[in-house]
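Asks: Questions regarding the structure given below will be posed in turn.
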Amino acid sequence: MSEMPNTMKIGMAAAFIGAVCAFIAMASIWTGEIDSLGLVGVDMAVAVIFFGVAGSFTSYSPVKGTTIMVLSAIATGASIIGGIYGAIPAAAAVFLAILGVVCILIANLGSTRDYVDSNRVI
Amino acid sequence: MVTKMGTVPFSLAAMIVGALTPFAFAVAIFSDGNWFFDENMLSDLGVSSDDFARNLFMATCIIGGVCTAIFGFGKLMIKHKLDAASGFFLVIAGIFLIAVGLFDKTTTVHSISAPMYFFMMLISMCISLFADSGNKRYLTMSVTVIALFMCFAAMPGFTIAGVEVISVCAICLWMFVQGLSLSFSNDYNAESDNRMVSE
């Protein structure tokens with residue numbers, strides 16, 4: 001099995017940072033009242049998608065290389081929408097969107113796609 | 001990757017729509033002063049009491065519609081199969097956007113044209129998604145996914161007025177990237193240029 005490209009490790013790190021940021025936003029938006037659950041759910045969705053992207057940038061990725069791009073695109077879109085909803089602070093939403101774009105660019109690299117497509121388990 | 005001169009006018013038309021439309025709408029909103037996100041439709045700017053806001057909105061819609069139609073026509077002529085189909089629906093969407101600019105929201109034509117514009121854009125974006133995927137233009141495909149996700153994810157939390165604004169922003173982003181994609185496309189067919197000249 002060939003060695004995992006370093007760019008994939010950067011992508012994994014970026015996605016993990018995004019997921020942690022979304023978790024922090026989720027914790028900060030929770031007010032203890034039932035009305036805040038909707039916004040908590042939006043943040044949770046963003047965090048879960050970013051964790052999914054991070055998991056895709058590993059050895060034995062469960063998805064195709066192009067699917068990582070789609071997942072990263074959804075994470076980016078979810079970050080922007082989270083910012084518009086007010087679930088994520090504006091600066092954090094921009095930061096998350098940038099991390100999402102970084103993930104898209106890394107997933108678009110030929111080395112990433114070749115590695116993922118040749119090593120994925122499904 | 002080399003920019004193909006034959007595609008530049010059409011690409012520029014798309015990039016003008018993508019870059020200038022949100023800017024022009026923002027100026028119109030600030031000029032109007034009584035327009036609020038998620039409460040007012042963009043079409044309310046067309047019947048604004050402020051002359052500058054009203055004229056700017058109408059002019060932007062007409063110019064944007066013409067540019068959309070030009071870009072769609074270019075895509076239709078230059079590209080093939082699904083890409084050409086996407087261009088065809090862009091031409092129709094452009095015509096509807098021109099109608100939105102010509103008739104204000106008090107008219108029946110406007111109330112038909114505005115939803116039809118978004119519907120045609122949705123069809124064009126969906127076709128473009130498959131075309132980009134099939135032609136391995138994954139970056140462009142990603143932007144289409146982001147734009148479509150933003151449009152649909154906004155629906156549960158906002159009224160139709162808010163969704164309209166978010167959709168317009170998403171469409172402008174998509175148009176800009178599509179313009180860039182057409183300009184740098186690898187599957188550009190120079191024969192179509194010659195065919196257009198000879199015709």
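If you're wondering about the labels, chains in the structure tokens are A, B, ... by order shown, residues count from 1 in each chain, ligands from 1 in order shown.
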Give me the residues within 9 Å of Arg113 (chain A) as a list of chain:residue names, counting only C-alpha atoms and dropping any in the same chain fewer than 4 places off.
Replies: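 What passes the distance filter is A:Lys64, A:Gly65, A:Thr66, A:Ile68, A:Ala107, A:Asn108, A:Leu109, A:Asp117, A:Ser118.
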Asks: Only C-alpha atoms, please: the residues just picked out, written as a PDB file, in the first residue's frame.
Replies:
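Below is the file out33.pdb, written as the result:
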ATOM      1  CA  LYS A  64     -14.818   7.703  -3.294  1.00  0.00           C
ATOM      2  CA  GLY A  65     -12.453  10.623  -3.863  1.00  0.00           C
ATOM      3  CA  THR A  66     -15.135  12.699  -5.564  1.00  0.00           C
ATOM      4  CA  ILE A  68     -15.103  13.730  -0.318  1.00  0.00           C
ATOM      5  CA  ALA A 107      -9.907  16.529  -2.159  1.00  0.00           C
ATOM      6  CA  ASN A 108      -9.565  17.804  -5.742  1.00  0.00           C
ATOM      7  CA  LEU A 109      -5.855  16.924  -5.862  1.00  0.00           C
ATOM      8  CA  ASP A 117      -9.836   5.346  -4.759  1.00  0.00           C
ATOM      9  CA  SER A 118      -7.099   2.711  -4.521  1.00  0.00           C
TER      10      SER A 118
END
Asks: Hey, what's within 7 Å of Ile49 (chain A) if we count only C-alpha atoms and toss same-chain stuff fewer than 4 positions away? As a list in words, please?
Replies: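 Non-adjacent residues within range: Ala45, Val53 and Ala75 of chain A.
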Asks: So that I have them on file, write out the residues from the current selection with N, CA and C atoms, as an mmCIF file, in the first residue's frame.
Replies:
data_model
loop_
_atom_site.group_PDB
_atom_site.id
_atom_site.type_symbol
_atom_site.label_atom_id
_atom_site.label_comp_id
_atom_site.auth_asym_id
_atom_site.auth_seq_id
_atom_site.Cartn_x
_atom_site.Cartn_y
_atom_site.Cartn_z
ATOM 1 N N ALA A 45 -25.166 19.606 13.073
ATOM 2 C CA ALA A 45 -25.086 19.097 11.696
ATOM 3 C C ALA A 45 -23.766 19.505 11.043
ATOM 4 N N VAL A 53 -16.010 14.532 6.906
ATOM 5 C CA VAL A 53 -14.940 14.881 5.956
ATOM 6 C C VAL A 53 -13.588 14.446 6.514
ATOM 7 N N ALA A 75 -20.316 20.702 3.664
ATOM 8 C CA ALA A 75 -19.826 21.301 4.921
ATOM 9 C C ALA A 75 -19.666 22.809 4.768
#
Asks: Would you pick out the contacts of Val66 (chain B) at 9 Å or less, using only C-alpha atoms, so that residues sharing its chain but fewer than 4 positions from it are not included, and give the list as a ChimeraX atom specification?
Replies: /B:13,61-62,70-71,91,94-95,97-98
Asks: For Val70 (chain A), please output as an MDAnalysis selection string all residues within 12 Å (counting only C-alpha atoms; exclusion window: fewer than 2 positions along the same chain).
Replies: (chainID A and resid 49:50 52:53 56 63:68 72:77 100:101 103:105 107:108) or (chainID B and resid 129 133 138:149)
Asks: Would you list the contacts of region 97-99 of chain A as a PyMOL selection string, taking every protein, DNA or RNA residue within 9 Å and counting only C-alpha atoms, but skipping same-chain residues closer than 3 positions in sequence?
Replies: chain A and resi 11+14-15+17-18+75-80+92-94+102-104
Asks: What is the CA of Trp35 (chain B)-CA of Pro89 (chain A) distance in Å, reported with one decimal?
Replies: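 Those two atoms sit 23.4 Å apart.
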Asks: Can you tell me, as a PyMOL selection string, what residues are no more than 7 Å from Thr112 (chain A) when counting only C-alpha atoms, ignoring any on the same chain fewer than 4 positions away?
Replies: chain A and resi 5+8+107+116
Asks: Okay, now the selection with N, CA and C atoms, as a tab-separated table (two decimals), in the first residue's frame?
Replies:
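Final file, result.tsv:
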chain	number	residue	atom	x	y	z
A	5	PRO	N	-0.67	10.60	1.19
A	5	PRO	CA	-0.11	11.92	0.88
A	5	PRO	C	-0.25	12.87	2.08
A	8	MET	N	-3.37	15.00	2.46
A	8	MET	CA	-4.55	14.40	3.10
A	8	MET	C	-4.53	14.63	4.61
A	107	ALA	N	-9.23	17.70	-1.58
A	107	ALA	CA	-9.91	16.53	-2.16
A	107	ALA	C	-9.83	16.52	-3.68
A	116	VAL	N	-7.24	7.62	-2.33
A	116	VAL	CA	-8.52	7.21	-1.73
A	116	VAL	C	-9.18	6.13	-2.57
